[in-house]
Amino acid sequence: MTNINPASFIGGSTGEWKVTRMQTITGEPLLPVEYIHIKLEHISPKNALWVLRGTNNHTRYSERTEVDAMKARQEGLGRSHATHAALIPIRKNAAWWAMAQDERRKIFEEESQHIAMSMEYLPAIARRLYHSRDLGEPFDFLTWFEFAPGHEGAFNALVAKLRASREWEFVDREIDIRLIKNES
Ligand code: HEM
């Protein structure tokens, strides 16, 4: 089977993004690394301390009006001024995965306003969501964000609001990795 839009986040001693902070929010930590390199394929380099893999594929919970509203506001990755980034790998617990799709959507949006609340942070924050669960990976999601240094405070405020939401009661592993672009 071909994976759609694959990515590997390679933690090690070289890479295009320098790690400035690694914070374990919930669950088992990840080994500390100095750099993260991103490859848009699934690979297992020998000299890496760890590799997290995901695919950026179809949406699960977004409705048409939400998709259209986001498309109208969002900007892509790789903007030259967006020199700061966050990689936040997340796993949800068995209770989350035992629910039906409509029950999860209700918690995700009607109760937690994940999309409505986060939308206000576009276009300052550029994002990409990778799914990992079906690949048998240690995390269910790899979330990636890029922003200008001046928007770090806003990003932190959004993360705090999401962590206080009902949706996050189901998160049982989360690592918050902050990075700056390695220009050298
Ligand atoms: C920057 C603004 C953000 C926007 C506009 C946004 C929007 C979205 C949308 C639309 C989805 C659902 C995709 C689908 O339909 O399957 C989603 C899923 C998700 N987002 Fe966000 N998000 C933002 C920020 C964040 C942040 C800061 C985090 C982590 C701290 C995060 C973590 C997640 C996770 C883990 C999922 C997957 C949920 C699941 O499928 O159970 N998001 N986001």
# chains A, B, ... in the order shown; residues from 1 in each chain; ligands from 1

$ residues_near_ligand --ligand "ligand 1" --cutoff "7 Å" --atoms "only C-alpha atoms and all ligand atoms" --output "PyMOL selection string"
chain A and resi 58-62+70+88+90+114-115+118-119+121-122+125-127+129+141+143+145+155+158-159+162

$ select_by_dssp --residues "segment 18-155 of chain A" --states "strand (DSSP E)" --output "PyMOL selection string"
chain A and resi 18-26+35-39+50-55+84-92+126-131+141-147

$ closest_residue --among "A:His37, A:His131, A:Arg64, A:Arg166" --to "Glu111 of chain A" --atoms "only C-alpha atoms"
A:Arg166

$ atom_distance --atom1 "atom CA of Ala95 of chain A" --atom2 "atom CA of Phe170 of chain A"
7.2 Å

$ closest_residue --among "A:Glu16, A:Glu167, A:Glu183, A:Glu28" --to "Glu103 of chain A" --atoms "only C-alpha atoms"
A:Glu167

$ select_by_dssp --residues "chain A" --states "alpha helix (DSSP H)" --output "number ranges by chain"
A: 64-73, 94-98, 101-105, 114-119, 152-163

$ write_last_selection --atoms "N, CA and C atoms" --output "compact mmCIF listing (two decimals), in the first residue's frame"
# COMPACT_ATOMS: atom_id res chain seq x y z
N ARG A 64 -17.80 20.70 5.76
CA ARG A 64 -17.52 21.50 4.56
C ARG A 64 -17.31 22.97 4.88
N THR A 65 -18.20 23.55 5.70
CA THR A 65 -18.07 24.99 5.99
C THR A 65 -16.77 25.27 6.75
N GLU A 66 -16.36 24.32 7.59
CA GLU A 66 -15.12 24.51 8.35
C GLU A 66 -13.90 24.41 7.43
N VAL A 67 -13.94 23.42 6.54
CA VAL A 67 -12.84 23.26 5.58
C VAL A 67 -12.70 24.53 4.73
N ASP A 68 -13.83 25.05 4.25
CA ASP A 68 -13.79 26.24 3.40
C ASP A 68 -13.29 27.45 4.18
N ALA A 69 -13.75 27.60 5.42
CA ALA A 69 -13.32 28.74 6.24
C ALA A 69 -11.82 28.67 6.52
N MET A 70 -11.31 27.46 6.76
CA MET A 70 -9.87 27.32 7.01
C MET A 70 -9.07 27.61 5.76
N LYS A 71 -9.56 27.08 4.63
CA LYS A 71 -8.84 27.30 3.35
C LYS A 71 -8.73 28.78 3.04
N ALA A 72 -9.77 29.54 3.39
CA ALA A 72 -9.78 30.97 3.10
C ALA A 72 -8.76 31.73 3.96
N ARG A 73 -8.40 31.18 5.10
CA ARG A 73 -7.54 31.90 6.04
C ARG A 73 -6.11 31.38 6.10
N ALA A 94 -7.60 4.51 25.03
CA ALA A 94 -8.51 3.49 24.50
C ALA A 94 -9.96 3.95 24.52
N ALA A 95 -10.34 4.76 25.53
CA ALA A 95 -11.72 5.23 25.63
C ALA A 95 -12.07 6.09 24.40
N TRP A 96 -11.13 6.89 23.94
CA TRP A 96 -11.34 7.73 22.75
C TRP A 96 -11.60 6.84 21.53
N TRP A 97 -10.74 5.86 21.36
CA TRP A 97 -10.81 5.03 20.15
C TRP A 97 -11.98 4.05 20.19
N ALA A 98 -12.53 3.84 21.39
CA ALA A 98 -13.69 2.93 21.51
C ALA A 98 -14.98 3.63 21.09
N GLN A 101 -17.52 7.52 15.54
CA GLN A 101 -17.07 8.76 14.90
C GLN A 101 -17.89 9.98 15.34
N ASP A 102 -19.23 9.81 15.42
CA ASP A 102 -20.07 10.97 15.77
C ASP A 102 -19.86 11.39 17.23
N GLU A 103 -19.56 10.43 18.10
CA GLU A 103 -19.29 10.76 19.50
C GLU A 103 -17.97 11.53 19.62
N ARG A 104 -16.99 11.10 18.83
CA ARG A 104 -15.68 11.79 18.87
C ARG A 104 -15.81 13.21 18.31
N ARG A 105 -16.54 13.35 17.22
CA ARG A 105 -16.73 14.68 16.62
C ARG A 105 -17.39 15.62 17.65
N HIS A 114 -12.46 22.81 19.01
CA HIS A 114 -11.08 22.73 18.50
C HIS A 114 -10.93 23.60 17.25
N ILE A 115 -11.83 23.44 16.29
CA ILE A 115 -11.68 24.18 15.03
C ILE A 115 -12.05 25.65 15.22
N ALA A 116 -13.21 25.91 15.81
CA ALA A 116 -13.67 27.29 15.96
C ALA A 116 -12.66 28.14 16.73
N MET A 117 -12.11 27.58 17.80
CA MET A 117 -11.16 28.31 18.64
C MET A 117 -9.82 28.50 17.92
N SER A 118 -9.36 27.44 17.25
CA SER A 118 -8.03 27.48 16.63
C SER A 118 -8.01 28.34 15.38
N MET A 119 -9.15 28.44 14.73
CA MET A 119 -9.25 29.19 13.47
C MET A 119 -8.78 30.63 13.64
N GLU A 152 4.75 33.51 18.99
CA GLU A 152 4.92 32.40 19.92
C GLU A 152 3.96 32.48 21.11
N GLY A 153 3.76 33.71 21.60
CA GLY A 153 2.85 33.90 22.75
C GLY A 153 1.44 33.47 22.40
N ALA A 154 0.98 33.85 21.20
CA ALA A 154 -0.37 33.46 20.75
C ALA A 154 -0.45 31.94 20.63
N PHE A 155 0.60 31.34 20.07
CA PHE A 155 0.59 29.89 19.93
C PHE A 155 0.50 29.21 21.30
N ASN A 156 1.28 29.72 22.26
CA ASN A 156 1.23 29.15 23.62
C ASN A 156 -0.16 29.27 24.23
N ALA A 157 -0.82 30.40 23.95
CA ALA A 157 -2.18 30.60 24.50
C ALA A 157 -3.14 29.58 23.90
N LEU A 158 -3.02 29.32 22.60
CA LEU A 158 -3.88 28.33 21.96
C LEU A 158 -3.64 26.93 22.53
N VAL A 159 -2.38 26.57 22.67
CA VAL A 159 -2.05 25.25 23.21
C VAL A 159 -2.63 25.09 24.62
N ALA A 160 -2.53 26.14 25.42
CA ALA A 160 -3.06 26.09 26.79
C ALA A 160 -4.58 25.88 26.77
N LYS A 161 -5.27 26.57 25.85
CA LYS A 161 -6.74 26.43 25.76
C LYS A 161 -7.12 25.01 25.33
N LEU A 162 -6.38 24.48 24.35
CA LEU A 162 -6.69 23.11 23.90
C LEU A 162 -6.45 22.10 25.03
N ARG A 163 -5.36 22.31 25.77
CA ARG A 163 -5.05 21.35 26.86
C ARG A 163 -6.08 21.41 27.98
